[in-house]
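What follows is one structure encoded as structure tokens, with my remarks underneath.
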Amino acid sequence: MKQIFAKPQSMTDKVSHYCPGCTHGIAHRLVGETIDELGIADRTIGVASVGCSVLAYEYFDVDFQQASHGRAPAVATGIKRVHPESIVFTYQGDGDLASIGTAEAIHAAMRGENITIIFINNAIYGMTGGQMAPTTLLGQQTTTTPEGRRFEEMGAPIRMAEMLATLDGAAYVARFSLHDIPNITKAKRAIKKSFQYQLEGKGFTIVELLSTCPTNWGMSPNESLEWVQTDMMKVYPLGEFKTPEEGEKK
Amino acid sequence: MKQIFAKPQSMTDKVSHYCPGCTHGIAHRLVGETIDELGIADRTIGVASVGCSVLAYEYFDVDFQQASHGRAPAVATGIKRVHPESIVFTYQGDGDLASIGTAEAIHAAMRGENITIIFINNAIYGMTGGQMAPTTLLGQQTTTTPEGRRFEEMGAPIRMAEMLATLDGAAYVARFSLHDIPNITKAKRAIKKSFQYQLEGKGFTIVELLSTCPTNWGMSPNESLEWVQTDMMKVYPLGEFKTPEEGEKK
Amino acid sequence: MTYEILIAGFGGQGVMSMGMLLTYAGMLEGKYVSWIPSYGPEQRGGTANCAVVISDEEIGSPVVTEPTIAVIMNLPSLDKFEPTVSSGGKIFVNSSLIAKDVSRSDLLITKVPANDIAGELGADRIANMVMLGAVLAETRVVSEESIIESLKAVLPPHRHNLIPLNRDALERGKALVLAKE
Amino acid sequence: MTYEILIAGFGGQGVMSMGMLLTYAGMLEGKYVSWIPSYGPEQRGGTANCAVVISDEEIGSPVVTEPTIAVIMNLPSLDKFEPTVSSGGKIFVNSSLIAKDVSRSDLLITKVPANDIAGELGADRIANMVMLGAVLAETRVVSEESIIESLKAVLPPHRHNLIPLNRDALERGKALVLAKE
Amino acid sequence: MDKRVVFDENRCKGCELCVPVCPVDIIFIADRINKLGYHPATVTEQDKCISCMMCAKICPDLVIEVFKPEKKVAG
Amino acid sequence: MDKRVVFDENRCKGCELCVPVCPVDIIFIADRINKLGYHPATVTEQDKCISCMMCAKICPDLVIEVFKPEKKVAG
Amino acid sequence: MANETVLMKGNEVIGEAAVRAGCRYFFGYPITPQNELPAYMAKRLPEVQGVFVQAESETAAINMVYGASGAGARVMTSSSSPGISLKQEGISYLAGAELPAVIVNMMRGGPGLGTIQPSQSDYFQATKGGGHGDYNMVVLAPASVQELADLTMDAFDIADKYRNPVMVLGDGVLGQMMEPVAFKERQSAEFVKDWATTGKQGRSKPNLINSLYLDPEKSAEHNEELHAKYMTMAKNEVRYEVKNLEDAEVVLVAYGMMARITSSVMNKAREKGMKVGLIRPISVWPFPDEAFEMALPQAKAFLTVEMSKGQMVEDVRLAVNGRAPVYFYGRTGGVIPSPQEVMEQLEAVYAKVQGGEA
Amino acid sequence: MANETVLMKGNEVIGEAAVRAGCRYFFGYPITPQNELPAYMAKRLPEVQGVFVQAESETAAINMVYGASGAGARVMTSSSSPGISLKQEGISYLAGAELPAVIVNMMRGGPGLGTIQPSQSDYFQATKGGGHGDYNMVVLAPASVQELADLTMDAFDIADKYRNPVMVLGDGVLGQMMEPVAFKERQSAEFVKDWATTGKQGRSKPNLINSLYLDPEKSAEHNEELHAKYMTMAKNEVRYEVKNLEDAEVVLVAYGMMARITSSVMNKAREKGMKVGLIRPISVWPFPDEAFEMALPQAKAFLTVEMSKGQMVEDVRLAVNGRAPVYFYGRTGGVIPSPQEVMEQLEAVYAKVQGGEA
Ligand SMILES: Cc1ncc(C[n+]2csc(CCOP(=O)(O)OP(=O)(O)O)c2C)c(N)n1
Ligand SMILES: Cc1ncc(C[n+]2csc(CCOP(=O)(O)OP(=O)(O)O)c2C)c(N)n1
Ligand code: SF4
Ligand code: SF4
Ligand code: SF4
Ligand code: SF4
Ligand code: SF4
Ligand code: SF4
Ligand SMILES: [Mg+2]
Ligand SMILES: [Mg+2]
């Protein structure tokens with residue numbers, strides 16, 4: 001028998017603290033596979049953010065910094081400027097990146113920092129128990145929108161990928177999803193591309209990933225995958241919004 | 001003789017502290033004219049930001065709050081939520097709005113806050129003596145880019161209007177210029193529109209205005225107007241990027 | 001009399017609500033009461049515990065460091081809290097999930113196969129109420145009636161249909177202890 | 001000997017560089033020196049002043065609150081600083097822009113039509129050097145040679161062609177004082 | 001016969017994501033409770049497994065390893 | 001004749017923005033220095049002014065007021 | 001719920017107390033261990049025509065508070081340690097512009113991301129000025145869920161009375177614990193906010209909310225006025241509880257949750273016949289110096305206990321000013337000193353005092 | 001420029017000193033009165049293959065510092081009061097993750113936007129912990145342009161030695177004034193940063209920069225280790241200057257720019273035959289308690305002078321601990337107390353002492 005699927009080597013053996021069925025775990029694995037395939041574990045430096053993925057450093061066998069809430073792109077900037085030859089990636093949630101860390105994400109992109117951001121959009125604050133995120137859908141109930149998010153009071157979901165694609169400094173901007181195998185495969189391809197572009201010095205790359213939060217959505221893990229497809233994808237179209245080859249797509 | 005041009009009534013008599021030929025003064029007047037024409041001086045609340053326009057409250061005869069650097073949209077949010085019937089506008093520079101205040105501007109837009117932002121883009125930090133702004137052009141010399149802004153280190157200018165236009169919460173997003181009379185006239189029309197939309201409860205409105213900083217650009221006031229036309233407008237196209245009627249334009 | 005109660009288990013085992021019901025019931029009975037939760041980093045799963053004080057006197061410290069009653073729903077909690085129980089205290093162990101024995105000899109030990117009994121009642125989630133029944137029977141910290149009253153107050157009206165099931169679970173736990181006696 | 005010098009005027013009148021040249025010259029002459037600028041909120045225009053201390057001893061306070069020498073380039077500065085000058089001190093007034101007289105009688109007053117003379121030299125911007133010439137002649141705080149040396153050090157090489165003009169301006173200011181004597 | 005899918009049971013959180021993706025429908029949730037307190041997913045009918053890796057690719061917790069019989073070169 | 005353009009001289013900062021926009025080229029910078037320390041812009045040939053408001057519209061400092069002769073209604 | 005006793009979580013009690021004190025605006029950002037408070041407000045405020053806004057960050061939240069307060073509203077924000085650090089500039093602005101607001105800090109262990117467990121290690125930040133410039137604010141430190149209710153209500157009145165921010169300084173345990181609480185009926189004075197920016201509404205002079213004073217003399221004057229106000233606050237707003245000071249030879253000093261535990265220890269010590277008293281500062285700024293004057297004639301030593309490495313103890317030393325030794329015991333990082341530990345410390349100090357060592 | 005005396009602005013001197021101390025990374029955001037420093041670095045760093053980045057905000061800047069320091073670099077940021085408030089969370093993170101960095105605060109008057117004029121009103125923020133959690137950092141307060149150079153260099157060594165942020169606390173005047181300065185040749189110890197995230201580079205265990213300790217016991221342990229380190233810093237890094245303490249009956253206490261003025265006053269007082277001395281804390285954390293022990297046998301009173309409403313005076317009181325009266329004089333908002341004012345205050349205190357009143 002030949003092993004055809006195994007835990008990536010760049011990942012540790014620790015059982016994650018993520019809830020059952022949370023797709024954070026899938027995103028982790030895709031990053032791990034990418035690091036393995038590109039053979040860059042020895043020169044990769046990860047930046048963990050504050051959110052459910054705060055302990056990401058426990059799961060990757062590469063150097064890591066734990067950043068303050070929202071500031072991972074600034075921390076990554078500091079690292080990359082000191083070690084331009086290293087591969088630096090941040091792993092951030094939507095509260096972290098699209099709310100408190102909006103400025104840091106946008107300005108890292110504006111500067112064309114040669115880093116990669118893995119952006120987990122689960123339309124909610126997972127770690128703090130299910131508050132509204134800027135990415136929360138209209139009508140979606142959270143602990144801070146108990147009647148569902150209403151446009152009149154809290155506006156409409158922010159689309160980070162589309163926004164970042166307007167910046168000349170951004171080289172690669174894509175959004176994919178983790179809700180089924182074909183999409184996971186595409187997500188993996190995008191993550192690998194983003195790291196590859198970084199290796200080539202192309203500049204700022206970001207992959208937004210639609211992800212689940214069964215716990216705070218109040219759904220089973222399988223219902224959650226379904227909801228990504230039926231509801232989230234309507235608001236968050238998938239695809240590449242900007243590539244170094246072609247520039248912004250519309 | 002009939003007076004056909006006079007200081008707007010909603011403005012005070014104080015001589016401004018702006019440098020000779022700085023177009024901040026023109027923007028002030030256009031706002032004053034708008035307040036006069038809409039007859040809203042009694043219910044307008046301005047929010048001054050930190051930048052050369054920090055003393056804006058000295059020049060308008062309306063209630064004012066002075067906000068901390070970059071946070072004017074948050075302050076305006078606080079005011080508007082308490083007095084939804086009032087007309088609330090912020091007046092912010094590009095350091096204030098496009099750098100430190102990026103998140104506050106974007107999230108006010110995302111929420112669809114029913115406020116108006118007058119955004120003075122002069123491609124530099126005026127008040128602090130001419131540092132690079134996120135809007136500084138490539139090659140432009142500033143005290144913090146003594147050799148000119150280089151893409152490799154500091155990326156490319158941020159286009160706030162284009163970025164904000166991607167948000168569903170934003171109702172009206174426009175960019176005009178103050179460098180000659182026809183453009184001043186268009187700018188005035190846009191400012192008035194933005195206030196009018198606010199009166200109609202249409203939501204978030206912003207008018208970006210290309211403006212000069214003769215002092216820190218190291219040019220005469222008239223050369224500065226010229227530079228807006230020849231250099232800035234290439235990077236910052238003028239026009240309406242989103243209107244409540246038609247949505248985002250491209 | 002002051003009861004210092006510690007309840008610990010996996011997140012999702014109803015550890016917190018056991019504590020809340022005791023607290024509420026204590027209040028209904030005119031006692032001084034306090035409840036303090038403690039969570040791990042996990043939103044779901046992981047360990048969780050809560051500390052309840054029910055007393056005839058005003059409560060100084062609501063923090064429980066040496067419980068007089070310990071209710072242990074899973075193995076990691078046994079390992080963590082067994083050593084802290086006050087000598088002469090009572091320890092309740094969910095024997096459905098914990099094979100290991102309590103090693104201390106200065107405690108009154110009650111083993112409750114809470115999940116098994118709950119399974120028999122057709123509702124895994126009710127294991128905590130089975131356990132609670134046993135605790136009430138053994139300690140009499142509050143009455144069963146007060147617990148039922150508390151349930152009524154805590155559950156939203158459209159969930160009141162669950163009360164009979166909860167009562168059954170309490171009874172089964174109680175019966176276990178009484179049988180032992 | 002300690003000179004405490006205050007120089008004040010509109011932004012753009014070269015007030016700061018007058019102070020810097022004095023400071024640099026003092027250093028070249030082996031004195032203890034310090035220079036402190038003070039600006040209004042305006043980037044251009046508005047008022048500006050600087051405080052220079054030149055001393056044979058180590059400088060305690062570099063802040064000048066009671067100047068022994070005051071160089072006044074515009075009217076608002078006269079109003080603001082005339083009262084602060086140390087009794088027996090020397091005050092220099094740019095009479096091109098200041099019509100008003102100095103009212104104190106305990107000061108040595110020197111009026112210098114700095115802008116007019118600069119105009120005669122064909123360079124409005126050089127008014128500060130005319131004034132400086134007068135100050136040097138009257139106070140001898142540093143030598144003219146040291147000022148010229150300082151100019152060489154402070155100006156970038158491609159501006160050294162301006163040195164003769166500056167020297168002329170200094171001379172004109174000096175001549176004014178010497179003529180008075 | 002060697003196993004084609006190996007579930008590291010004590011990592012499993014019983015989320016059931018792997019269950020519906022299996023094209024041959026052999027993954028089920030066991031009655032037992034694992035060290036983490038969950039009912040783990042498992043496969044007993046190893047011979048039916050086609051080594052498609054679907055389960056492994058959707059599993060968020062690195063529970064599953066997949067194997068494929070080596071091709072026996074004829075001769 | 002009444003003035004068509006009135007320059008509030010002590011507000012003027014001598015920036016010269018008004019100078020090139022005047023279609024009839026009557027605005028010039030005076031030799032004198034005003035209260036603010038600037039050479040103010042000014043107009044002496046009031047009769048040439050066509051009340052076009054260009055100068056007022058570009059002036060950042062609210063220096064300029066513009067007047068227009070009332071139309072005398074015939075009769 | 002008027003005056004009836006209910007069982008509620010501390011964080012929710014703050015919310016209900018605020019609403020009953022007339023607070024209608026809440027701007028906040030999620031952080032453990034205070035999330036129950038914004039969640040409560042999100043549900044509760046719309047019922048009373050109030051507004052809840054989840055801000056994009058703590059920085060934005062405190063500036064929304066600035067805007068709303070400047071517009072004349074009773075307004076509140078809450079967070080926990082790292083989030084409160086992000087509000088420091090805003091707090092300094094509120095003080096500088098003389099704006100009333102209530103800021104809640106349910107402290108967790110630091111420094112940095114630290115832990116979500118309870119702590120008292122932001123005492124210095126709260127009382128000495130975590131923000132820049134000379135300013136002070138009344139800082140109230142409740143020790144029970146009932147006091148959370150009472151002091152939150154007081155906080156709004158104090159804020160409006162002095163036009164100054166007020167902080168409610170709790171910890172993670174206090175916020176998440178449940179205890180019975182009765183909301184007291186109370187009348188708060190009417191505050192006329194004729195300085196608020198409401199739009200001129202016919203006023204001849206526009207109102208201005210501002211903290212900028214470019215002229216140093218004006219700036220100094222403004223600071224003198226502020227200082228005079230702080231001194232008035234320092235005189236009027238001192239709150240504390242003392243127990244058994246009459247004959248206490250050793251006086252325990254603790255605030256908040258720690259005072260509960262310390263009080264238990266004191267009772268046990270008394271049972272053993274030890275002459276032990278307790279000072280519990282309720283306002284930690286202004287610090288209750290006068291309580292120490294009451295204790296000092298008899299007291300031979302003080303033992304300060306905190307969930308920190310020693311912060312309030314400096315204020316204790318300043319109050320005692322060398323007249324008796326001041327000892328300290330503290331735990332950090334989310335560990336709450338147990339009654340047993342505190343008793344050990346107390347016994348050691350007591351022994352020294354008895355031995356004439358202290 | 002080795003060892004030769006040059007005339008430079010204080011802010012630029014900090015930059016040059018940093019470069020000579022091996023600092024190659026600067027992340028900052030403009031604010032008056034420290035703008036000459038980033039401008040200097042923008043020009044100077046590329047000459048030495050260093051990197052200057054103007055961050056989008058002070059918050060971003062301090063977090064870039066975190067990243068660069070964690071990556072093993074000597075790194076610096078600077079700002080002034082409101083900007084330093086925005087860095088408080090980041091400073092707490094640096095302390096929590098044990099990262100060396102030099103942070104410059106050229107103080108201006110607060111609170112709020114305040115004024116761009118000089119001040120010393122961020123003393124509490126700097127020394128007591130403006131950020132959350134228990135942490136300390138060495139805070140150096142230079143009083144001349146020469147000392148700006150020397151202490152900036154020291155700051156980098158101290159930071160690396162303890163893996164802790166160090167603050168250089170100046171004020172607007174110091175930053176903008178020109179004085180002659182000579183950059184001293186110096187050797188700084190080599191620091192092996194085997195903890196830095198460089199990519200594993202063959203290491204078997206990955207390096208981690210972190211301040212999160214979810215388990216309270218671990219968190220407490222981490223805090224104990226940090227505290228032990230702070231106590232070592234407190235012992236080793238005390239710096240101060242004393243003058244005329246031998247016979248001083250009244251001792252002036254002042255730091256930074258204020259100490260210059262106070263020193264002038266002391267000289268004038270001595271000329272008048274008054275027995276006056278001076279303590280100038282150079283490290284304001286750790287506070288030089290021992291200087292007070294030197295003064296106390298003779299001293300009958302202390303007079304602390306600050307450009308604030310009284311912040312360092314608390315540390316003076318703690319050091320004196322009731323053994324002599326401590327008086328205070330301060331001005332705020334950008335006003336620098338003049339020698340004349342200080343002399344008046346001194347004479348009043350002196351009179352009290354002579355009259356046996358003190
Ligand atoms: C300054 C600061 N503010 C708030 C928090 C609390 N906090 C922790 S995680 C989190 C949000 C997490 O949401 P998200 O980034 O979407 O990640 P997820 O948990 O959903 O993966 C917040 C607000 C914090 N730790 N620090
Ligand atoms: C928190 C904070 N950071 C920095 C500053 C300093 N500061 C004052 S104005 C300004 C930038 C002004 O630039 P811009 O917003 O473009 O306005 P302009 O002067 O060009 O009109 C800065 C950085 C401040 N006051 N507060
Ligand atoms: S709370 Fe949500 S995002 Fe966080 S681990 Fe659980 S399911 Fe995943
Ligand atoms: S510095 Fe520039 S922006 Fe500021 S007033 Fe002067 S010209 Fe205008
Ligand atoms: S590898 Fe494919 S066939 Fe085998 S168990 Fe997994 S999903 Fe089923
Ligand atoms: S997907 Fe993984 S964790 Fe979930 S049930 Fe299947 S094996 Fe277990
Ligand atoms: S109104 Fe027109 S014509 Fe008259 S001065 Fe002005 S620009 Fe010239
Ligand atoms: S544009 Fe206005 S300020 Fe400028 S010169 Fe003309 S009148 Fe004077
Ligand atoms: Mg999320
Ligand atoms: Mg600008």
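Each chain in the structure tokens gets a letter, A, B and so on, in the order shown; residues start at 1 in every chain, and ligands are counted from 1 in the order they appear.
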
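All residues in stretch 13-57 of chain E with a DSSP state of strand (DSSP E), computed from the backbone, read Ile27, Phe28, Ile29, Ala41, Thr42 and Val43 of chain E.
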
Restricting the output to N, CA, C and O atoms, write the selected residues as a compact mmCIF listing (two decimals), in the first residue's frame.
# COMPACT_ATOMS: atom_id res chain seq x y z
N ILE E 27 -18.44 5.53 5.51
CA ILE E 27 -18.02 6.18 6.75
C ILE E 27 -19.23 6.34 7.66
O ILE E 27 -20.30 6.75 7.22
N PHE E 28 -19.07 5.93 8.91
CA PHE E 28 -20.16 6.16 9.86
C PHE E 28 -19.61 6.61 11.20
O PHE E 28 -18.41 6.52 11.47
N ILE E 29 -20.46 7.17 12.03
CA ILE E 29 -20.07 7.68 13.33
C ILE E 29 -20.27 6.58 14.36
O ILE E 29 -21.35 5.99 14.46
N ALA E 41 -15.64 9.24 13.77
CA ALA E 41 -16.00 8.63 12.48
C ALA E 41 -15.11 7.42 12.25
O ALA E 41 -13.99 7.36 12.73
N THR E 42 -15.63 6.48 11.51
CA THR E 42 -14.84 5.27 11.29
C THR E 42 -15.29 4.55 10.02
O THR E 42 -16.35 4.84 9.46
N VAL E 43 -14.43 3.67 9.56
CA VAL E 43 -14.75 2.85 8.40
C VAL E 43 -14.40 1.41 8.76
O VAL E 43 -13.33 1.15 9.32

**OP:** Would you kindly return, as JSON, numbers by chain, each protein, DNA or RNA residue with an atom no farther than 6 Å from any atom of stretch 5-16 of chain F, considering only C-alpha atoms and excluding same-chain residues fewer than 4 positions away?
**Re:** {"B": [15, 20, 21], "F": [34, 35, 38, 39, 40, 41, 63, 64, 65, 66]}

**OP:** For D:Val142, list every protein, DNA or RNA residue within 10 Å, evaluated using only C-alpha atoms, and leave out those in the same chain fewer than 6 positions away; present the list as JSON, numbers by chain.
**Re:** {"D": [21, 22, 23, 24, 25, 26, 27, 28, 29, 31, 54, 135, 136]}

**OP:** Return as number ranges by chain the residues of protein, DNA or RNA that approach ligand 4 to within 9 Å, with only C-alpha atoms and all ligand atoms taken into account.
**Re:** B: 16-25, 51-53, 93, 120, 122, 124-130, 211-217, 221; D: 42-44

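Pairwise distance (atom CA of G:Glu290, atom CA of H:Asp315) equals 20.5 Å.
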